[in-house]
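The file final25.cif comes next; it holds mmCIF, C-alpha atoms.
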data_start
#
loop_
_atom_site.label_atom_id
_atom_site.label_comp_id
_atom_site.auth_asym_id
_atom_site.auth_seq_id
_atom_site.Cartn_x
_atom_site.Cartn_y
_atom_site.Cartn_z
CA MET U 12 230.67 146.16 80.42
CA THR U 13 229.54 143.19 78.34
CA PRO U 14 233.03 141.91 77.47
CA LEU U 15 234.06 142.06 81.11
CA LEU U 16 230.91 140.37 82.35
CA LEU U 17 231.17 137.56 79.84
CA GLY U 18 234.90 137.19 80.42
CA THR U 19 234.40 136.92 84.17
CA LEU U 20 231.55 134.49 83.65
CA GLY U 21 233.70 132.34 81.34
CA LEU U 22 236.49 132.20 83.91
CA ALA U 23 234.08 131.45 86.74
CA LEU U 24 232.48 128.61 84.80
CA ALA U 25 235.90 127.21 83.91
CA GLY U 26 237.36 127.25 87.43
CA PRO U 27 235.51 128.06 90.67
CA VAL U 28 232.07 126.72 89.67
CA PRO U 29 233.35 123.21 88.78
CA ALA U 30 235.45 123.26 91.96
CA VAL U 31 232.37 123.83 94.12
CA LEU U 32 230.18 121.41 92.17
CA GLY U 33 232.88 118.74 92.15
CA ARG U 34 232.90 118.66 95.95
CA SER U 35 229.17 118.21 96.30
CA THR U 36 227.73 114.69 96.39
CA TRP U 37 224.08 115.33 95.53
CA LEU U 38 224.86 115.14 91.81
CA LEU U 39 225.95 111.50 92.26
CA ARG U 40 222.36 110.63 93.08
CA ALA U 41 221.23 111.65 89.61
CA PRO U 42 224.06 110.65 87.26
CA ARG U 43 222.19 111.25 84.02
CA ALA U 44 221.13 114.77 85.00
CA GLY U 45 224.61 115.26 86.43
CA VAL U 46 226.28 114.58 83.09
CA VAL U 47 223.86 117.06 81.45
CA LEU U 48 224.72 119.72 84.06
CA TRP U 49 228.47 119.28 83.50
CA GLN U 50 227.91 119.49 79.76
CA SER U 51 225.85 122.66 80.01
CA LEU U 52 228.45 124.26 82.30
CA ALA U 53 231.12 123.44 79.73
CA LEU U 54 229.04 124.81 76.87
CA ALA U 55 228.21 127.96 78.85
CA ALA U 56 231.90 128.52 79.62
CA VAL U 57 232.81 128.22 75.94
CA LEU U 58 229.93 130.47 74.85
CA ALA U 59 230.87 133.09 77.46
CA ALA U 60 234.49 133.05 76.34
CA LEU U 61 233.49 133.40 72.70
CA GLY U 62 230.84 136.04 73.48
CA SER U 63 233.37 138.03 75.45
CA GLY U 64 235.68 138.26 72.47
CA LEU U 65 232.91 139.10 70.02
CA SER U 66 231.52 141.87 72.19
CA THR U 67 235.02 143.27 72.71
CA THR U 68 235.47 143.56 68.98
CA VAL U 69 232.18 145.43 68.63
CA TRP U 70 232.95 147.66 71.61
CA LEU U 71 236.36 148.65 70.27
CA ALA U 72 234.74 149.49 66.94
CA SER U 73 232.04 151.68 68.48
CA PRO U 74 231.82 155.41 67.54
CA GLN U 75 232.89 156.62 71.02
CA PRO U 76 236.28 154.99 71.50
CA PRO U 77 236.90 154.08 75.15
CA ASP U 78 239.55 155.77 77.33
CA ASN U 79 243.06 154.47 77.10
CA TRP U 80 243.07 152.58 80.39
CA ARG U 81 239.76 150.96 79.65
CA TRP U 82 241.25 149.30 76.60
CA ALA U 83 243.39 146.92 78.51
CA LEU U 84 240.91 144.48 80.01
CA PRO U 85 238.72 143.94 76.94
CA VAL U 86 241.82 143.37 74.87
CA VAL U 87 242.93 140.71 77.33
CA ALA U 88 239.44 139.19 77.09
CA LEU U 89 239.64 139.20 73.30
CA GLY U 90 243.05 137.53 73.46
CA MET U 91 241.74 134.82 75.78
CA THR U 92 238.80 134.22 73.47
CA LEU U 93 241.04 133.76 70.48
CA VAL U 94 243.24 131.41 72.47
CA VAL U 95 240.27 129.35 73.70
CA ALA U 96 238.59 129.21 70.28
CA THR U 97 241.77 128.12 68.50
CA ARG U 98 242.74 125.65 71.16
CA LEU U 99 239.25 124.20 71.32
CA ALA U 100 239.16 123.51 67.59
CA TRP U 101 242.67 122.06 67.72
CA SER U 102 242.01 120.05 70.84
CA VAL U 103 238.73 118.51 69.59
CA ALA U 104 240.39 117.37 66.38
CA ARG U 105 243.51 116.07 68.10
CA VAL U 106 241.70 114.15 70.84
CA ALA U 107 239.27 112.63 68.31
CA LEU U 108 242.02 111.48 65.93
CA ASP U 109 244.34 110.32 68.70
CA THR U 110 241.68 108.32 70.50
CA ARG U 111 240.51 106.59 67.35
CA ALA U 112 244.01 105.74 66.20
CA ARG U 113 244.97 104.32 69.59
CA ARG U 114 241.77 102.33 69.82
CA ARG U 115 242.06 100.93 66.31
CA HIS U 116 245.66 99.84 66.91
CA HIS U 117 244.79 98.32 70.27
CA ARG U 118 241.85 96.46 68.75
CA VAL U 119 244.05 94.95 66.05
CA LEU U 120 246.40 93.68 68.76
CA VAL U 121 243.74 92.18 71.05
CA ASP U 122 242.07 90.57 68.03
CA VAL U 123 245.19 88.64 67.05
CA LEU U 124 246.31 87.93 70.63
CA GLY U 125 243.02 87.37 72.43
CA GLY U 126 241.16 84.12 72.86
CA ARG U 127 237.46 83.94 72.02
CA SER U 128 234.47 82.93 74.05
CA GLY U 129 231.54 81.39 72.22
CA ASP U 130 228.88 83.14 74.32
CA GLU U 131 230.31 86.64 74.09
CA PRO U 132 231.40 87.53 70.55
CA ALA U 133 232.93 90.90 71.56
CA LEU U 134 234.99 89.39 74.39
CA ARG U 135 238.75 88.97 73.97
CA ILE U 136 240.69 86.99 76.55
CA LEU U 137 244.39 87.71 77.04
CA ALA U 138 246.60 84.87 78.26
CA GLU U 139 248.02 86.91 81.16
CA ASP U 140 247.82 86.32 84.90
CA THR U 141 247.72 90.03 85.79
CA PRO U 142 244.01 90.87 86.07
CA VAL U 143 242.82 93.55 83.64
CA ALA U 144 239.27 94.36 82.49
CA TYR U 145 238.37 97.17 80.10
CA CYS U 146 236.45 97.99 76.97
CA LEU U 147 237.36 99.57 73.64
CA PRO U 148 234.28 101.58 72.69
CA ALA U 149 233.22 101.89 69.04
CA VAL U 150 230.00 102.09 67.03
CA ARG U 151 230.62 98.67 65.56
CA ASN U 152 233.59 96.53 66.52
CA ALA U 153 233.58 97.36 70.21
CA ARG U 154 235.63 94.97 72.34
CA VAL U 155 235.62 93.91 75.94
CA VAL U 156 239.04 92.70 77.03
CA LEU U 157 239.68 90.49 80.06
CA SER U 158 242.86 88.74 81.05
CA GLN U 159 242.86 85.13 82.25
CA GLY U 160 243.76 86.54 85.67
CA ALA U 161 240.61 88.68 85.71
CA LEU U 162 238.43 85.88 84.37
CA ALA U 163 239.67 83.53 87.09
CA ARG U 164 238.48 85.99 89.75
CA LEU U 165 234.96 86.29 88.37
CA ASP U 166 232.13 83.79 88.67
CA ASP U 167 229.49 83.55 85.91
CA GLU U 168 227.37 86.28 87.51
CA GLY U 169 230.41 88.52 87.86
CA LEU U 170 231.31 88.07 84.20
CA ALA U 171 227.70 88.85 83.24
CA ALA U 172 227.92 92.01 85.39
CA VAL U 173 231.14 93.14 83.69
CA MET U 174 229.70 92.46 80.23
CA ALA U 175 226.46 94.32 81.04
CA HIS U 176 228.43 97.28 82.44
CA GLU U 177 230.75 97.50 79.44
CA GLY U 178 227.85 96.92 77.05
CA ALA U 179 226.09 99.95 78.57
CA HIS U 180 229.19 102.12 77.96
CA VAL U 181 229.37 100.95 74.38
CA ARG U 182 225.69 101.42 73.55
CA ALA U 183 225.33 104.82 75.20
CA ARG U 184 228.62 106.05 73.67
CA HIS U 185 229.90 107.25 77.05
CA ASP U 186 233.30 107.52 75.45
CA LEU U 187 232.07 110.52 73.42
CA VAL U 188 231.08 112.33 76.62
CA LEU U 189 234.54 111.74 78.06
CA GLU U 190 236.20 112.67 74.79
CA ALA U 191 234.42 116.06 74.74
CA PHE U 192 235.50 116.82 78.31
CA THR U 193 239.07 115.77 77.54
CA ALA U 194 239.12 118.15 74.56
CA LEU U 195 237.59 120.94 76.63
CA ARG U 196 240.11 120.57 79.44
CA ASP U 197 242.98 120.77 76.98
CA ALA U 198 241.45 123.85 75.31
CA PHE U 199 241.55 126.21 78.30
CA PRO U 200 244.91 127.93 78.84
CA TRP U 201 247.07 126.54 81.59
CA GLY U 202 246.04 127.97 84.96
CA THR U 203 242.36 128.30 84.01
CA ARG U 204 241.82 124.63 83.21
CA SER U 205 240.27 122.13 85.55
CA GLU U 206 240.42 118.34 85.77
CA LEU U 207 237.13 118.26 87.60
CA PRO U 208 234.56 118.22 84.79
CA LEU U 209 236.36 115.28 83.17
CA ARG U 210 236.90 113.45 86.45
CA GLN U 211 233.34 113.92 87.67
CA SER U 212 231.69 113.04 84.38
CA ALA U 213 233.91 109.93 84.19
CA LEU U 214 232.54 108.89 87.60
CA LEU U 215 228.95 109.69 86.56
CA VAL U 216 229.11 107.58 83.37
CA GLU U 217 230.54 104.67 85.42
CA MET U 218 227.48 104.98 87.66
CA LEU U 219 225.16 105.05 84.65
CA ALA U 220 226.74 101.82 83.36
CA ASP U 221 226.52 100.34 86.87
CA ASP U 222 222.79 101.11 86.94
CA VAL U 223 222.28 99.15 83.71
CA ALA U 224 224.35 96.19 84.95
CA ARG U 225 222.53 96.25 88.26
CA SER U 226 219.11 96.00 86.66
CA ARG U 227 220.35 93.01 84.64
CA VAL U 228 222.24 90.98 87.23
CA GLY U 229 221.51 92.63 90.58
CA ALA U 230 223.62 94.83 92.86
CA ALA U 231 225.52 92.13 94.74
CA PRO U 232 227.20 90.34 91.78
CA LEU U 233 228.22 93.71 90.32
CA ALA U 234 229.58 94.87 93.68
CA ARG U 235 231.58 91.64 94.08
CA ALA U 236 233.01 92.02 90.56
CA LEU U 237 234.01 95.62 91.34
CA VAL U 238 235.77 94.60 94.54
CA VAL U 239 237.73 91.66 93.12
CA LEU U 240 238.86 93.69 90.11
CA ALA U 241 239.74 96.82 92.11
CA ASP U 242 241.58 94.79 94.76
CA ARG U 243 243.89 92.98 92.39
CA PRO U 244 247.59 92.28 92.15
CA GLY U 245 249.53 94.33 89.63
CA PRO U 246 252.90 95.91 88.94
CA ASP U 247 254.12 98.74 91.17
CA GLY U 248 253.01 102.12 90.00
CA THR U 249 249.64 100.96 88.67
CA LEU U 250 247.71 101.86 91.82
CA ALA U 251 244.99 104.44 91.39
CA ALA U 252 245.40 107.42 93.69
CA GLY U 253 243.12 110.06 95.18
CA ALA U 254 239.90 110.71 93.30
CA GLU U 255 240.46 107.71 91.01
CA ALA U 256 240.69 105.32 93.94
CA ARG U 257 237.68 106.90 95.59
CA SER U 258 235.53 106.35 92.51
CA VAL U 259 235.11 102.59 93.10
CA SER U 260 234.17 103.30 96.69
CA LEU U 261 231.53 105.85 95.64
CA ARG U 262 230.13 103.36 93.13
CA LEU U 263 229.82 100.71 95.84
CA ASP U 264 228.08 103.16 98.16
CA ARG U 265 225.60 103.78 95.39
CA LEU U 266 225.00 100.01 95.01
CA ALA U 267 224.23 99.81 98.73
CA GLN U 268 221.38 102.27 98.22
CA PRO U 269 218.03 101.18 96.79
CA GLN U 270 217.82 101.73 93.05
CA ARG U 271 215.27 104.49 92.62
CA PRO U 272 215.28 107.82 90.81
CA HIS U 273 216.13 110.84 92.96
CA ARG U 274 213.61 113.28 91.58
CA LEU U 275 214.81 116.28 93.57
CA ALA U 276 218.46 115.80 92.60
CA SER U 277 217.49 115.26 88.94
CA LEU U 278 215.21 118.26 88.87
CA SER U 279 217.82 120.48 90.53
CA ALA U 280 220.54 119.39 88.12
CA TYR U 281 218.35 119.85 85.04
CA SER U 282 217.17 123.26 86.27
CA ALA U 283 220.71 124.37 87.02
CA ALA U 284 221.75 123.19 83.54
CA ALA U 285 219.02 125.29 81.95
CA VAL U 286 219.72 128.34 84.11
CA VAL U 287 223.43 128.26 83.40
CA LEU U 288 222.77 128.38 79.66
CA VAL U 289 219.74 130.66 79.49
CA VAL U 290 220.30 133.34 82.13
CA PRO U 291 223.69 134.64 80.93
CA THR U 292 222.35 134.66 77.39
CA VAL U 293 219.35 136.73 78.33
CA LEU U 294 221.02 139.07 80.83
CA VAL U 295 224.22 139.72 78.99
CA ALA U 296 223.90 138.86 75.37
CA VAL U 297 220.47 140.34 74.62
CA PRO U 298 221.29 143.92 75.78
CA TRP U 299 224.53 143.65 73.86
CA LEU U 300 222.71 142.49 70.72
CA VAL U 301 220.27 145.40 71.10
CA HIS U 302 223.18 147.79 71.54
CA THR U 303 224.97 146.42 68.48
CA TRP U 304 221.76 146.64 66.48
CA GLY U 305 221.55 150.30 67.52
CA LEU U 306 225.10 150.96 66.33
CA LEU U 307 224.34 149.58 62.91
CA HIS U 308 221.21 151.68 62.39
CA MET R 17 225.13 93.02 75.59
CA VAL R 18 227.96 94.36 73.50
CA PRO R 19 227.03 94.34 69.79
CA ARG R 20 228.39 91.42 67.84
CA PRO R 21 231.58 92.28 65.91
CA ALA R 22 232.08 91.19 62.28
CA PRO R 23 232.87 87.48 62.54
CA ARG R 24 235.00 85.10 60.46
CA LEU R 25 237.77 87.24 59.02
CA GLY R 26 238.87 88.43 62.47
CA ASP R 27 239.09 84.88 63.82
CA LEU R 28 240.98 83.85 60.71
CA GLU R 29 243.48 86.68 61.20
CA ARG R 30 244.28 85.31 64.60
CA ASP R 31 244.82 81.78 63.25
CA VAL R 32 247.07 83.12 60.49
CA MET R 33 249.12 85.12 63.00
CA ASP R 34 249.51 82.00 65.15
CA ARG R 35 250.96 80.12 62.17
CA LEU R 36 253.35 82.95 61.37
CA TRP R 37 254.47 83.25 64.99
CA ASP R 38 254.99 79.49 65.31
CA SER R 39 257.04 79.31 62.13
CA GLU R 40 260.78 79.85 62.24
CA ARG R 41 260.97 81.37 58.79
CA PRO R 42 258.81 83.69 56.67
CA LEU R 43 255.93 81.84 55.00
CA LEU R 44 254.38 81.89 51.53
CA VAL R 45 250.60 82.20 51.12
CA ARG R 46 250.76 78.57 49.97
CA ASP R 47 252.49 77.51 53.24
CA VAL R 48 249.91 79.24 55.44
CA HIS R 49 247.12 77.85 53.33
CA SER R 50 248.28 74.26 53.66
CA LEU R 51 248.89 74.66 57.43
CA LEU R 52 245.34 75.96 57.94
CA ARG R 53 243.79 73.45 55.57
CA ALA R 54 244.69 70.71 57.99
CA GLU R 55 241.88 72.06 60.22
CA ARG R 56 239.31 73.51 57.87
CA ASP R 57 238.27 74.08 54.31
CA LEU R 58 239.64 77.41 53.13
CA ALA R 59 240.14 79.06 49.75
CA TYR R 60 243.68 80.05 48.80
CA THR R 61 242.43 83.56 47.94
CA THR R 62 240.93 83.94 51.43
CA VAL R 63 244.32 83.31 53.01
CA MET R 64 245.85 85.79 50.57
CA THR R 65 243.25 88.42 51.56
CA VAL R 66 243.89 87.87 55.26
CA LEU R 67 247.67 88.17 54.85
CA ASP R 68 247.15 91.33 52.84
CA ARG R 69 244.93 92.80 55.55
CA LEU R 70 247.47 91.95 58.26
CA THR R 71 250.18 93.62 56.19
CA ARG R 72 248.10 96.78 55.84
CA LYS R 73 247.47 96.76 59.59
CA GLY R 74 251.24 96.86 60.06
CA ILE R 75 251.67 93.70 62.11
CA VAL R 76 252.95 91.56 59.23
CA SER R 77 255.71 92.43 56.78
CA ARG R 78 256.40 90.81 53.43
CA THR R 79 259.41 90.46 51.18
CA LEU R 80 259.36 89.56 47.53
CA GLU R 81 261.14 86.29 46.83
CA GLY R 82 261.16 85.35 43.17
CA ARG R 83 257.60 85.99 42.11
CA ALA R 84 255.89 85.38 45.48
CA TYR R 85 255.75 87.23 48.79
CA ARG R 86 257.02 85.72 51.99
CA TYR R 87 255.24 86.90 55.15
CA SER R 88 256.54 87.24 58.69
CA PRO R 89 255.32 88.92 61.92
CA VAL R 90 256.76 92.42 62.48
CA ARG R 91 256.97 91.75 66.22
CA SER R 92 256.76 88.66 68.39
CA ARG R 93 253.67 87.58 70.30
CA ALA R 94 255.39 88.46 73.58
CA GLU R 95 256.22 91.97 72.37
CA LEU R 96 252.65 92.68 71.30
CA THR R 97 251.28 91.24 74.55
CA ALA R 98 253.63 93.48 76.51
CA GLU R 99 252.38 96.50 74.58
CA VAL R 100 248.73 95.63 75.23
CA MET R 101 249.34 95.03 78.93
CA HIS R 102 251.34 98.24 79.25
CA GLU R 103 248.45 100.25 77.85
CA ALA R 104 245.87 98.33 79.88
CA LEU R 105 247.76 98.96 83.12
CA SER R 106 248.87 102.56 82.65
CA VAL R 107 247.20 104.71 85.31
CA ASP R 108 247.42 108.15 83.71
CA ARG R 109 244.23 107.68 81.77
CA LEU R 110 242.95 111.16 82.60
CA ASP R 111 246.11 112.72 81.23
CA ARG R 112 245.69 111.07 77.89
CA THR R 113 242.86 110.20 75.60
CA ALA R 114 240.09 107.96 76.88
CA ALA R 115 240.95 105.16 74.45
CA LEU R 116 240.37 102.39 76.99
CA VAL R 117 237.50 102.51 79.48
CA ARG R 118 238.46 100.46 82.53
CA PHE R 119 235.97 98.52 84.62
CA ALA R 120 237.58 99.41 87.95
CA GLU R 121 240.82 101.13 88.91
CA ARG R 122 243.30 99.17 91.00
CA VAL R 123 243.24 100.32 94.63
CA SER R 124 245.58 100.02 97.63
CA GLN R 125 245.24 97.45 100.44
CA GLU R 126 243.71 100.01 102.82
CA GLU R 127 241.24 101.19 100.22
CA ALA R 128 240.38 97.54 99.45
CA ALA R 129 239.40 96.98 103.08
CA THR R 130 236.96 99.90 102.81
CA LEU R 131 235.58 98.39 99.61
CA ARG R 132 235.02 94.98 101.22
CA GLU R 133 233.16 96.73 104.04
CA ALA R 134 230.94 98.49 101.49
CA LEU R 135 230.41 95.17 99.70
CA ARG R 136 229.10 93.65 102.93
CA ARG R 137 226.53 96.47 103.10
CA VAL R 138 225.39 95.72 99.55
CA GLU R 139 225.08 92.00 100.25
CA GLN R 140 223.19 92.60 103.50
CA ARG R 141 220.69 94.78 101.72
CA GLU R 142 220.05 92.13 99.08
CA ARG R 143 219.39 89.44 101.66
CA PRO R 144 215.69 89.10 102.43
#

Once you've parsed the file, please lay out its structure as structure tokens.
Amino acid sequence: MTPLLLGTLGLALAGPVPAVLGRSTWLLRAPRAGVVLWQSLALAAVLAALGSGLSTTVWLASPQPPDNWRWALPVVALGMTLVVATRLAWSVARVALDTRARRRHHRVLVDVLGGRSGDEPALRILAEDTPVAYCLPAVRNARVVLSQGALARLDDEGLAAVMAHEGAHVRARHDLVLEAFTALRDAFPWGTRSELPLRQSALLVEMLADDVARSRVGAAPLARALVVLADRPGPDGTLAAGAEARSVSLRLDRLAQPQRPHRLASLSAYSAAAVVLVVPTVLVAVPWLVHTWGLLH
Amino acid sequence: MVPRPAPRLGDLERDVMDRLWDSERPLLVRDVHSLLRAERDLAYTTVMTVLDRLTRKGIVSRTLEGRAYRYSPVRSRAELTAEVMHEALSVDRLDRTAALVRFAERVSQEEAATLREALRRVEQRERP
């Protein structure tokens, strides 16, 4: 039973559970707890997938070999586990190397092309009319890049809001959170993978950075900066669609609310995060461990 | 704020690239040095170090002429700018690695109207 239970759990945590959670809005009230919940769901899915394979191996090696037909499902579970484990290792390494190489190259380019501003040593200003604003996260050597077009649309408060927002990303290493979810998404086999954990955690870290910027410069300057930079001219085909476009709107809605901690939402998210990791371990893994222990003695 | 990046050498790299881009022919370390010396006091070896770093970063190439290297940009300023802007504007960020973290995605006209409405709510709330 254990391999099947864990296999089902792994699949549920990889697909349907994120789908339901991704539609709910209560998590957006507690972004920090929300990120933790998404992380624990991801970890639980990986652990369930790995546990399913391990228990299958033990089960197949047990003294009473199972009936022929009962072989099939655990073997499929074992196969999936191997696929997920291999792909996860591969995906983590590839995403980490890729991201760093792209960032390093991009930083070299903005450093030789970009103008400087005396007040903001990490700021690089591109001599382009098309408005762009982004950051290149790094432990040291992080950069915030703005084009002349973007700078022209921001007043001093707006620029301070952008810098505070990007500074929050850089200091809290939000890029590592996103990197892990990118690797995880790529690790699950096609058909069982979901964009949602990555998409939702991307939105939640934007909100965390917004919170920092808001406490520095206030909600209104940040909201104005968001609107002028989201509503900007640009080449065809660079419009955000669907969930991406909605993310700015959700961030503005949050800025229209008073800035206070939502204890209930936080508590629920943290509790759910703990439950999702602890309960399967206790219910499924412990009996299996006891059983395996029995086999060995 | 964003932590302060390592100063000096980075700024110098930009100045050196500007000289190479503005020049019609590949330059010797000596040429770059005398061009920059017009503005500030710089050691010859510093210019050599910067050119070496730019070569290792792959944006400058050098050819041996006699006993000295001549340096030139691998690609023009416009080409590099186009590459940076292409990456900055590409919308498929979720399909690739999260190398760049954008401040706000670009939205359609209809969506922008919704955003301006939401902005009014924020500004109203802030008003005493």

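Using only C-alpha atoms, the shortest contact distance between R:Tyr87 and any of R:Arg141, R:Arg56, R:Arg136, R:Arg69 is found at R:Arg69.
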
Run the PyMOL selection byres ((chain U) within 6 of (chain R)) on the file and write out the hits as a ChimeraX atom specification. /U:110,114,123,132-133,144-147,152,175,178,231,241-242,249-251,256,260,267

Tell me, in Å to one decimal, how far atom CA of U:Ala172 is from atom CA of U:Asp222.
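Taking atom CA of U:Ala172 as the start and atom CA of U:Asp222 as the end point, the length is 10.6 Å.
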
Next on the checklist: Please expand the PyMOL selection byres ((chain U and resi 292-304) around 12) into the concrete residues it hits in this file, giving the result as a ChimeraX atom specification.
Outcome noted: /U:12-20,54-56,58-59,61-63,65-74,285-291,305-308

What separates atom CA of U:Ala220 and atom CA of U:Ala234 is a distance of 12.8 Å

The distance between atom CA of U:Gly169 and atom CA of U:Val223 is 14.0 Å

Quick check on the file I pasted: which residues fall under the PyMOL selection byres ((chain U and resi 273) around 10)? Write them as a compact mmCIF listing (two decimals) with C-alpha atoms, in the coordinates of the input.
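Writing done, so here's result.txt:
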# COMPACT_ATOMS: atom_id res chain seq x y z
CA TRP U 37 224.08 115.33 95.53
CA LEU U 38 224.86 115.14 91.81
CA LEU U 39 225.95 111.50 92.26
CA ARG U 40 222.36 110.63 93.08
CA ALA U 41 221.23 111.65 89.61
CA PRO U 42 224.06 110.65 87.26
CA GLN U 270 217.82 101.73 93.05
CA ARG U 271 215.27 104.49 92.62
CA PRO U 272 215.28 107.82 90.81
CA ARG U 274 213.61 113.28 91.58
CA LEU U 275 214.81 116.28 93.57
CA ALA U 276 218.46 115.80 92.60
CA SER U 277 217.49 115.26 88.94
CA LEU U 278 215.21 118.26 88.87

What's around R:Val63 at 8 Å? Count all atoms listed in the file, leave out sequence neighbours fewer than 6 positions away in its own chain, and write the answer as a VMD selection string. chain R and resid 32 45 48 to 49

* Asked: Which is closest to R:Glu95 among R:Trp37, R:Leu80, R:Met64, R:Ser50, if we use only C-alpha atoms?
  ->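 With only C-alpha atoms as the atom set, the closest residue is R:Trp37.
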